[in-house]
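For reference, final_28.txt (compact mmCIF, C-alpha atoms):
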# COMPACT_ATOMS: atom_id res chain seq x y z
CA MET A 1146 0.00 0.00 0.00
CA VAL A 1147 1.15 3.45 -0.84
CA SER A 1148 0.74 6.04 1.88
CA ILE A 1149 -0.19 9.58 0.84
CA ALA A 1150 1.97 12.16 2.55
CA GLU A 1151 0.11 15.03 4.15
CA PRO A 1152 1.14 18.50 2.95
CA ILE A 1153 3.39 20.36 5.31
CA THR A 1154 1.78 23.59 6.48
CA LYS A 1155 4.08 26.56 6.60
CA PRO A 1156 4.18 28.50 9.83
CA VAL A 1157 2.08 31.68 9.71
CA SER A 1158 4.11 34.85 9.91
CA ARG A 1159 3.61 36.72 13.17
CA PHE A 1160 3.58 40.01 11.23
CA ARG A 1161 0.78 38.72 9.01
CA PHE A 1162 -1.19 37.59 12.07
CA ILE A 1163 -0.90 41.04 13.65
CA MET A 1164 -1.94 42.79 10.44
CA ASP A 1165 -5.06 40.61 10.27
CA ARG A 1166 -6.32 42.09 13.53
CA ARG A 1167 -8.95 44.74 12.92
CA GLU A 1168 -7.87 47.14 15.67
CA VAL A 1169 -4.23 47.09 14.54
CA LEU A 1170 -5.03 47.56 10.85
CA GLY A 1171 -7.54 50.31 11.66
CA SER A 1172 -4.99 52.18 13.77
CA ILE A 1173 -2.45 52.03 10.93
CA PHE A 1174 -4.96 53.44 8.44
CA VAL A 1175 -6.04 56.24 10.80
CA ALA A 1176 -2.48 57.16 11.83
CA PRO A 1177 -1.74 59.44 8.80
CA ALA A 1178 -4.93 61.44 9.43
CA ILE A 1179 -4.08 61.78 13.14
CA LEU A 1180 -0.55 62.90 12.28
CA TYR A 1181 -1.98 65.43 9.80
CA VAL A 1182 -4.29 66.90 12.44
CA LEU A 1183 -1.51 67.04 15.05
CA LEU A 1184 0.88 68.87 12.72
CA LEU A 1185 -1.58 71.31 11.13
CA VAL A 1186 -3.91 71.88 14.10
CA GLY A 1187 -2.20 70.74 17.29
CA LEU A 1188 1.14 72.48 16.70
CA PRO A 1189 -0.36 75.90 15.82
CA PHE A 1190 -2.68 75.59 18.82
CA LEU A 1191 0.25 74.98 21.17
CA LEU A 1192 2.12 77.92 19.63
CA ALA A 1193 -0.94 80.14 20.14
CA VAL A 1194 -1.10 79.12 23.82
CA TYR A 1195 2.64 79.74 24.12
CA TYR A 1196 2.36 83.27 22.71
CA SER A 1197 -0.93 84.19 24.45
CA ILE A 1198 0.60 83.94 27.93
CA SER A 1199 3.60 86.09 27.02
CA ALA A 1200 4.40 89.67 26.00
CA TYR A 1201 5.82 88.56 22.65
CA THR A 1202 5.72 91.06 19.76
CA ILE A 1203 7.68 91.27 16.53
CA TYR A 1204 9.33 94.43 17.89
CA ASN A 1205 10.32 92.71 21.14
CA PRO A 1206 10.64 88.99 20.37
CA THR A 1207 11.82 88.01 23.84
CA TRP A 1208 9.40 85.62 25.54
CA ARG A 1209 8.25 86.82 28.98
CA PHE A 1210 5.53 85.08 30.96
CA ILE A 1211 2.62 87.36 31.96
CA GLY A 1212 -0.14 84.80 32.64
CA LEU A 1213 -3.68 85.75 31.65
CA ALA A 1214 -3.01 89.48 31.36
CA ASN A 1215 -3.55 89.43 27.59
CA PHE A 1216 -6.99 87.90 27.99
CA GLU A 1217 -7.95 90.44 30.66
CA GLN A 1218 -6.90 93.29 28.37
CA ILE A 1219 -8.82 92.09 25.30
CA VAL A 1220 -11.99 91.42 27.32
CA SER A 1221 -11.92 95.00 28.63
CA ASP A 1222 -11.42 96.40 25.11
CA PRO A 1223 -14.73 97.80 23.68
CA VAL A 1224 -13.56 97.11 20.12
CA PHE A 1225 -13.09 93.44 20.99
CA LEU A 1226 -16.56 93.24 22.56
CA GLU A 1227 -18.05 94.80 19.42
CA THR A 1228 -16.09 92.33 17.32
CA LEU A 1229 -17.40 89.42 19.41
CA GLY A 1230 -21.00 90.57 18.87
CA ASN A 1231 -20.35 90.98 15.14
CA THR A 1232 -18.98 87.44 15.02
CA PHE A 1233 -22.14 85.95 16.52
CA LEU A 1234 -24.36 88.03 14.25
CA PHE A 1235 -22.32 87.14 11.17
CA THR A 1236 -22.17 83.43 12.01
CA PHE A 1237 -25.74 82.71 13.02
CA GLY A 1238 -27.27 85.18 10.56
CA SER A 1239 -25.50 83.63 7.58
CA GLN A 1240 -26.18 80.08 8.78
CA PHE A 1241 -29.90 80.78 9.23
CA LEU A 1242 -30.18 82.40 5.81
CA GLY A 1243 -28.15 79.60 4.22
CA LEU A 1244 -30.37 76.93 5.79
CA VAL A 1245 -33.53 78.65 4.55
CA LEU A 1246 -32.14 78.90 1.02
CA GLY A 1247 -30.86 75.32 1.21
CA LYS A 1248 -34.26 74.01 2.34
CA PHE A 1249 -36.17 75.64 -0.52
CA GLY A 1250 -33.41 74.76 -2.99
CA ALA A 1251 -33.58 71.09 -2.00
CA LEU A 1252 -37.38 71.02 -2.34
CA LEU A 1253 -37.03 72.60 -5.78
CA LEU A 1254 -34.40 70.11 -6.95
CA LEU A 1255 -36.51 67.16 -5.79
CA ARG A 1256 -39.21 68.09 -8.31
CA PRO A 1257 -38.76 67.13 -11.96
CA PHE A 1258 -38.39 70.05 -14.36
CA PRO A 1259 -36.53 70.66 -17.62
CA GLY A 1260 -32.82 71.25 -17.08
CA ARG A 1261 -32.75 69.89 -13.52
CA ARG A 1262 -29.38 68.17 -14.07
CA ILE A 1263 -27.82 71.41 -15.28
CA VAL A 1264 -29.22 73.29 -12.29
CA ARG A 1265 -27.85 70.64 -9.92
CA ALA A 1266 -24.40 71.11 -11.43
CA LEU A 1267 -24.57 74.92 -11.36
CA ILE A 1268 -25.83 75.01 -7.78
CA ILE A 1269 -22.40 73.85 -6.56
CA LEU A 1270 -20.62 76.86 -8.11
CA PRO A 1271 -20.83 79.13 -5.01
CA TRP A 1272 -19.05 76.41 -3.06
CA ALA A 1273 -16.49 75.70 -5.79
CA VAL A 1274 -15.63 79.22 -6.95
CA PRO A 1275 -12.59 80.70 -5.12
CA ILE A 1276 -13.79 83.18 -2.52
CA ALA A 1277 -11.33 85.83 -3.74
CA LEU A 1278 -12.86 85.76 -7.22
CA ALA A 1279 -16.41 85.70 -5.85
CA SER A 1280 -15.71 88.61 -3.51
CA VAL A 1281 -14.57 90.78 -6.42
CA ALA A 1282 -17.86 90.10 -8.20
CA TRP A 1283 -19.88 90.83 -5.07
CA GLU A 1284 -17.90 94.00 -4.44
CA TRP A 1285 -18.93 95.27 -7.87
CA MET A 1286 -22.53 94.32 -7.16
CA PHE A 1287 -22.43 96.36 -3.94
CA ASP A 1288 -20.45 99.26 -5.38
CA SER A 1289 -21.78 102.68 -4.46
CA LEU A 1290 -21.70 103.94 -8.09
CA TYR A 1291 -21.94 100.88 -10.34
CA SER A 1292 -24.07 98.54 -8.22
CA VAL A 1293 -26.26 96.31 -10.38
CA ILE A 1294 -28.60 95.98 -7.40
CA ASN A 1295 -29.13 99.75 -7.20
CA TRP A 1296 -29.46 99.96 -10.99
CA SER A 1297 -32.18 97.28 -10.96
CA LEU A 1298 -34.08 98.96 -8.11
CA ILE A 1299 -33.91 102.32 -9.91
CA ALA A 1300 -35.04 100.75 -13.20
CA LEU A 1301 -38.03 99.17 -11.43
CA GLY A 1302 -38.94 102.51 -9.87
CA ILE A 1303 -38.53 101.26 -6.30
CA ILE A 1304 -35.91 103.86 -5.37
CA THR A 1305 -34.46 106.99 -6.93
CA ARG A 1306 -30.82 107.60 -7.75
CA ALA A 1307 -30.56 110.05 -4.86
CA ASP A 1308 -31.84 107.41 -2.42
CA ALA A 1309 -29.58 104.61 -3.70
CA PRO A 1310 -27.99 102.93 -0.65
CA ASN A 1311 -24.25 102.75 -0.12
CA TRP A 1312 -24.15 99.06 0.66
CA LEU A 1313 -20.59 98.77 1.94
CA GLY A 1314 -20.43 102.26 3.43
CA ASN A 1315 -23.35 101.94 5.82
CA PRO A 1316 -22.50 99.93 8.99
CA HIS A 1317 -25.83 98.05 9.08
CA LEU A 1318 -25.94 97.42 5.34
CA ALA A 1319 -22.29 96.31 5.32
CA MET A 1320 -23.02 93.62 7.90
CA LEU A 1321 -26.04 92.55 5.86
CA CYS A 1322 -23.81 92.30 2.77
CA VAL A 1323 -21.21 90.03 4.38
CA ILE A 1324 -24.01 87.85 5.81
CA VAL A 1325 -25.59 87.50 2.37
CA VAL A 1326 -22.26 86.64 0.71
CA ASN A 1327 -21.41 84.03 3.33
CA ALA A 1328 -24.92 82.54 3.11
CA TRP A 1329 -24.43 82.39 -0.67
CA ARG A 1330 -21.27 80.37 -0.06
CA PHE A 1331 -22.96 78.06 2.46
CA PHE A 1332 -26.29 77.29 0.82
CA PRO A 1333 -24.97 74.66 -1.70
CA PHE A 1334 -23.71 72.67 1.30
CA ALA A 1335 -27.11 73.13 2.96
CA ILE A 1336 -28.83 71.88 -0.20
CA VAL A 1337 -26.71 68.73 -0.18
CA ILE A 1338 -27.50 68.15 3.52
CA PHE A 1339 -31.25 68.61 2.99
CA LEU A 1340 -31.26 66.43 -0.14
CA ALA A 1341 -29.49 63.64 1.73
CA GLY A 1342 -31.89 63.92 4.65
CA ILE A 1343 -35.12 64.18 2.67
CA THR A 1344 -34.26 61.26 0.37
CA SER A 1345 -33.51 59.10 3.44
CA VAL A 1346 -37.06 59.51 4.80
CA PRO A 1347 -39.07 56.34 4.02
CA GLN A 1348 -41.62 56.94 1.28
CA ASP A 1349 -44.19 54.92 3.27
CA VAL A 1350 -44.18 57.60 5.98
CA ILE A 1351 -44.80 60.38 3.45
CA ASP A 1352 -47.52 58.37 1.70
CA ALA A 1353 -49.25 57.64 5.02
CA ALA A 1354 -49.18 61.32 5.94
CA THR A 1355 -50.63 62.25 2.53
CA VAL A 1356 -53.44 59.71 2.96
CA ASP A 1357 -54.18 61.15 6.41
CA GLY A 1358 -54.71 64.55 4.83
CA ALA A 1359 -51.36 66.24 5.56
CA GLY A 1360 -50.63 68.97 3.03
CA PHE A 1361 -47.30 70.14 1.64
CA TRP A 1362 -46.35 72.38 4.58
CA ARG A 1363 -47.46 69.93 7.27
CA ARG A 1364 -45.59 67.06 5.62
CA ASN A 1365 -42.39 69.09 5.39
CA TYR A 1366 -42.37 70.87 8.75
CA GLN A 1367 -44.16 68.40 11.04
CA ILE A 1368 -42.97 65.08 9.63
CA ILE A 1369 -39.91 65.37 7.39
CA LEU A 1370 -38.04 68.17 9.20
CA PRO A 1371 -38.18 66.56 12.70
CA MET A 1372 -36.89 63.29 11.20
CA ILE A 1373 -33.92 64.89 9.42
CA LEU A 1374 -33.12 67.37 12.20
CA PRO A 1375 -30.06 65.42 13.49
CA ILE A 1376 -28.58 65.38 9.97
CA VAL A 1377 -29.21 69.11 9.58
CA ALA A 1378 -27.69 69.76 13.01
CA ILE A 1379 -24.47 67.97 12.04
CA GLY A 1380 -24.20 70.10 8.90
CA LEU A 1381 -24.95 73.20 10.98
CA ILE A 1382 -22.11 72.36 13.37
CA PHE A 1383 -19.64 72.29 10.48
CA GLY A 1384 -21.06 75.54 9.12
CA ILE A 1385 -20.82 77.31 12.48
CA VAL A 1386 -17.24 76.18 13.10
CA PHE A 1387 -16.04 77.20 9.64
CA THR A 1388 -17.90 80.54 9.68
CA PHE A 1389 -16.93 81.47 13.24
CA THR A 1390 -13.23 81.10 12.42
CA ASP A 1391 -13.39 82.52 8.88
CA LEU A 1392 -12.10 85.94 7.91
CA SER A 1393 -11.97 85.72 4.11
CA VAL A 1394 -15.34 87.32 3.32
CA VAL A 1395 -14.83 90.21 5.74
CA TYR A 1396 -11.20 90.74 4.72
CA LEU A 1397 -11.91 90.76 0.98
CA LEU A 1398 -15.25 92.60 0.97
CA THR A 1399 -15.15 95.24 3.72
CA ASN A 1400 -11.75 94.91 5.47
CA GLY A 1401 -13.64 95.08 8.75
CA GLY A 1402 -15.24 98.45 8.02
CA PRO A 1403 -16.88 100.77 8.12
CA VAL A 1404 -15.59 101.67 11.62
CA ASN A 1405 -15.25 98.01 12.72
CA ALA A 1406 -18.92 97.37 11.87
CA THR A 1407 -18.08 94.06 10.16
CA SER A 1408 -14.95 93.07 12.07
CA VAL A 1409 -15.05 89.46 13.31
CA LEU A 1410 -12.75 87.54 15.65
CA GLY A 1411 -10.71 85.91 12.91
CA PHE A 1412 -10.13 89.22 11.17
CA ARG A 1413 -9.42 91.03 14.45
CA GLY A 1414 -6.85 88.41 15.45
CA PHE A 1415 -5.18 88.73 12.05
CA GLN A 1416 -5.08 92.54 12.26
CA VAL A 1417 -3.67 92.61 15.79
CA GLY A 1418 -1.32 89.64 15.60
CA ILE A 1419 -0.01 89.78 12.04
CA VAL A 1420 -0.56 93.29 10.66
CA SER A 1421 0.13 95.20 13.89
CA GLY A 1422 2.78 92.75 15.09
CA ASP A 1423 1.27 92.24 18.57
CA VAL A 1424 1.55 88.46 18.43
CA SER A 1425 0.57 87.82 22.05
CA HIS A 1426 -2.72 89.73 21.90
CA GLY A 1427 -3.49 88.29 18.46
CA ALA A 1428 -3.01 84.78 19.82
CA ALA A 1429 -5.24 85.56 22.79
CA ILE A 1430 -8.01 86.80 20.47
CA SER A 1431 -7.73 83.68 18.34
CA LEU A 1432 -7.82 81.39 21.39
CA PHE A 1433 -10.95 83.16 22.63
CA MET A 1434 -12.85 81.41 19.84
CA LEU A 1435 -12.06 77.97 21.28
CA PRO A 1436 -14.26 77.98 24.44
CA VAL A 1437 -17.12 79.66 22.56
CA LEU A 1438 -17.09 77.04 19.82
CA PHE A 1439 -16.67 74.28 22.40
CA ILE A 1440 -19.84 75.37 24.22
CA VAL A 1441 -21.84 75.68 20.98
CA VAL A 1442 -20.71 72.31 19.61
CA ILE A 1443 -21.27 70.45 22.90
CA GLY A 1444 -24.75 71.97 23.19
CA MET A 1445 -25.71 70.91 19.67
CA LEU A 1446 -24.28 67.41 20.14
CA ARG A 1447 -26.31 66.99 23.35
CA PHE A 1448 -29.37 68.12 21.42
CA ILE A 1449 -28.71 65.50 18.73
CA ARG A 1450 -28.18 62.76 21.31
CA ARG A 1451 -31.46 63.55 23.08
CA ARG A 1452 -33.37 63.70 19.81
CA GLU A 1453 -35.43 60.56 19.32
CA ILE A 1454 -36.38 59.66 15.79
Written as structure tokens, how would this file's structure read?
Amino acid sequence: MVSIAEPITKPVSRFRFIMDRREVLGSIFVAPAILYVLLLVGLPFLLAVYYSISAYTIYNPTWRFIGLANFEQIVSDPVFLETLGNTFLFTFGSQFLGLVLGKFGALLLLRPFPGRRIVRALIILPWAVPIALASVAWEWMFDSLYSVINWSLIALGIITRADAPNWLGNPHLAMLCVIVVNAWRFFPFAIVIFLAGITSVPQDVIDAATVDGAGFWRRNYQIILPMILPIVAIGLIFGIVFTFTDLSVVYLLTNGGPVNATSVLGFRGFQVGIVSGDVSHGAAISLFMLPVLFIVVIGMLRFIRRREI
């Protein structure tokens, strides 16, 4: 009789066994992203803390510990308090307007009409166009002499040439302008959020509500909106964080004017720390955004967790 030899199994490599473990492989894949965040976020944050507790300026670059004196000085500054109020108004005003536009834009894009695919592609342009290029166009639209908005209002007989508003020269109108421009940037993102949320609602729920006699407004604001509210809240968190720390719209459109009417924390920190050279106070202004954003984000996350769908 001929005996059949059993195949000899090769020993499994210990390295291969470790790489097969989910937690090890997941940590390796996440490590580059963590390193990226530490280098581009963690290191500047530590430098900001380092400078904010010192008297460091570009004219006197010797580091000297002064504790929380910089924070006490900026809190007692009336210009800083005005800037803080402008930041809240700019952030929440633009987010509210962007959400309203995004809601109606999503409802419009859900309905079939000729050219819907082209409109869906064009609707992303405010998000994709560089803000520097868009700000130049908006600056011309708000120009005191050549404003297309004023020209249209005069042509329609709503206002006269003598009553044409100076959009960027009036403190209240200037804040309205930067809010509108930032909402214009944000609303494509809001449309995507609302489209994702509305399309995830089961059609059976909508059909049952329609059979029960719920009209368009009741279906959207008593059924669909409460169900997609956690998704909208997540998008709103991103919008608030990015807007609260942004200075591009204010810097390019109004440069903080007129008379600090549109100055926000990001722009104020840039002006004090970089332009004026007072690095320590600029770092303190920038760090002031951290606890405010922390409170807002934690509050919204607690709201999402308590929300029962």
Kindly provide the residues of range 1190-1263 of chain A that approach range 1394-1414 of chain A to within 7 Å, each paired with its closest atom pair and their distance in Å to one decimal, based on all atoms listed in the file, listed by chain and increasing number, as a tab-separated table.
residue	atom	partner	partner_atom	distance
A:Thr1228	CA	A:Val1409	CA	5.0
A:Leu1229	CA	A:Leu1410	CA	6.3
A:Asn1231	CA	A:Val1409	CA	5.8
A:Thr1232	CA	A:Val1409	CA	4.7
Now that the selection is made, can you save its residues with C-alpha atoms as a compact mmCIF listing (two decimals), keeping the file's coordinate frame?
# COMPACT_ATOMS: atom_id res chain seq x y z
CA THR A 1228 -16.09 92.33 17.32
CA LEU A 1229 -17.40 89.42 19.41
CA ASN A 1231 -20.35 90.98 15.14
CA THR A 1232 -18.98 87.44 15.02
*asked:* If we count all atoms listed in the file and set the cut-off at 12 Å, which residues sit around Pro1347 in chain A, ignoring sequence neighbours fewer than 3 positions away in its own chain? Please answer as a list in words.
replied: Gly1342, Ile1343, Thr1344, Val1350, Ile1351, Asp1352, Ala1353, Ala1354, Ile1368, Ile1369, Met1372 and Ile1373 of chain A
_CA of Leu1313 in chain A to CA of Asp1288 in chain A, distance in Å rounded to a single decimal_ = 7.3 Å
Residues of range 1373-1441 of chain A within 9 Å of range 1235-1248 of chain A: nearest atom pair and distance (Å, one decimal) for each, counting only C-alpha atoms, sorted by chain and number, as a tab-separated table?
residue	atom	partner	partner_atom	distance
A:Val1377	CA	A:Leu1244	CA	8.8
A:Leu1381	CA	A:Gln1240	CA	7.3
A:Gly1384	CA	A:Gln1240	CA	6.9
A:Ile1385	CA	A:Thr1236	CA	6.3
A:Val1386	CA	A:Thr1236	CA	8.8
A:Thr1388	CA	A:Thr1236	CA	5.7
A:Phe1389	CA	A:Thr1236	CA	5.7
A:Thr1407	CA	A:Phe1235	CA	8.2
A:Val1409	CA	A:Phe1235	CA	7.9
*So what do you get for CA of Tyr1201 in chain A versus CA of Ser1425 in chain A, distance-wise?*
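Interatomic distance here is 5.3 Å.
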Using all atoms listed in the file, tabulate the residues of range 1300-1395 of chain A lying at most 12 Å from any atom of range 1415-1418 of chain A, each with its closest atom pair and that distance in Å to one decimal, by chain and increasing residue number, as a Markdown table.
| residue | atom | partner | partner_atom | distance |
| --- | --- | --- | --- | --- |
| A:Thr1390 | CA | A:Phe1415 | CA | 11.1 |
| A:Asp1391 | CA | A:Phe1415 | CA | 10.8 |
| A:Leu1392 | CA | A:Phe1415 | CA | 8.5 |
| A:Ser1393 | CA | A:Phe1415 | CA | 10.9 |
| A:Val1395 | CA | A:Phe1415 | CA | 11.6 |
Since we have the selection now, will you write its residues out, keeping C-alpha atoms, as a JSON list (two decimals), in the coordinates of the input?
[["chain", "number", "residue", "atom", "x", "y", "z"],
["A", 1390, "THR", "CA", -13.23, 81.10, 12.42],
["A", 1391, "ASP", "CA", -13.39, 82.52, 8.88],
["A", 1392, "LEU", "CA", -12.10, 85.94, 7.91],
["A", 1393, "SER", "CA", -11.97, 85.72, 4.11],
["A", 1395, "VAL", "CA", -14.83, 90.21, 5.74]]
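Proximity to Ile1198 in chain A was assessed for A:Pro1310, A:Val1325, A:His1426, A:Ala1279 counting only C-alpha atoms; the smallest distance is recorded for A:His1426.
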*For Met1320 in chain A, which residue among A:Phe1334, A:Val1346, A:Ala1277, A:Leu1234 is the nearest when counting only C-alpha atoms?*
A:Leu1234
*Between CA of Ala1282 in chain A and CA of Phe1332 in chain A, measure the distance and give it in Å to one decimal.*
17.8 Å
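Comparing the minimum interatomic distances between Leu1253 in chain A and each of A:Ile1268, A:Val1220, A:Cys1322, A:Ile1211, counting all atoms listed in the file, we find that A:Ile1268 sits nearest.
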_Report as a ChimeraX atom specification all protein, DNA and RNA residues lying within 6 Å of Phe1216 in chain A, evaluated on all atoms listed in the file, omitting residues in the same chain fewer than 3 positions from it._
/A:1213,1219,1429
Those residues with C-alpha atoms, as a PDB file, keeping the file's coordinate frame please?
ATOM      1  CA  LEU A1213      -3.680  85.750  31.650  1.00  0.00           C
ATOM      2  CA  ILE A1219      -8.820  92.090  25.300  1.00  0.00           C
ATOM      3  CA  ALA A1429      -5.240  85.560  22.790  1.00  0.00           C
TER       4      ALA A1429
END
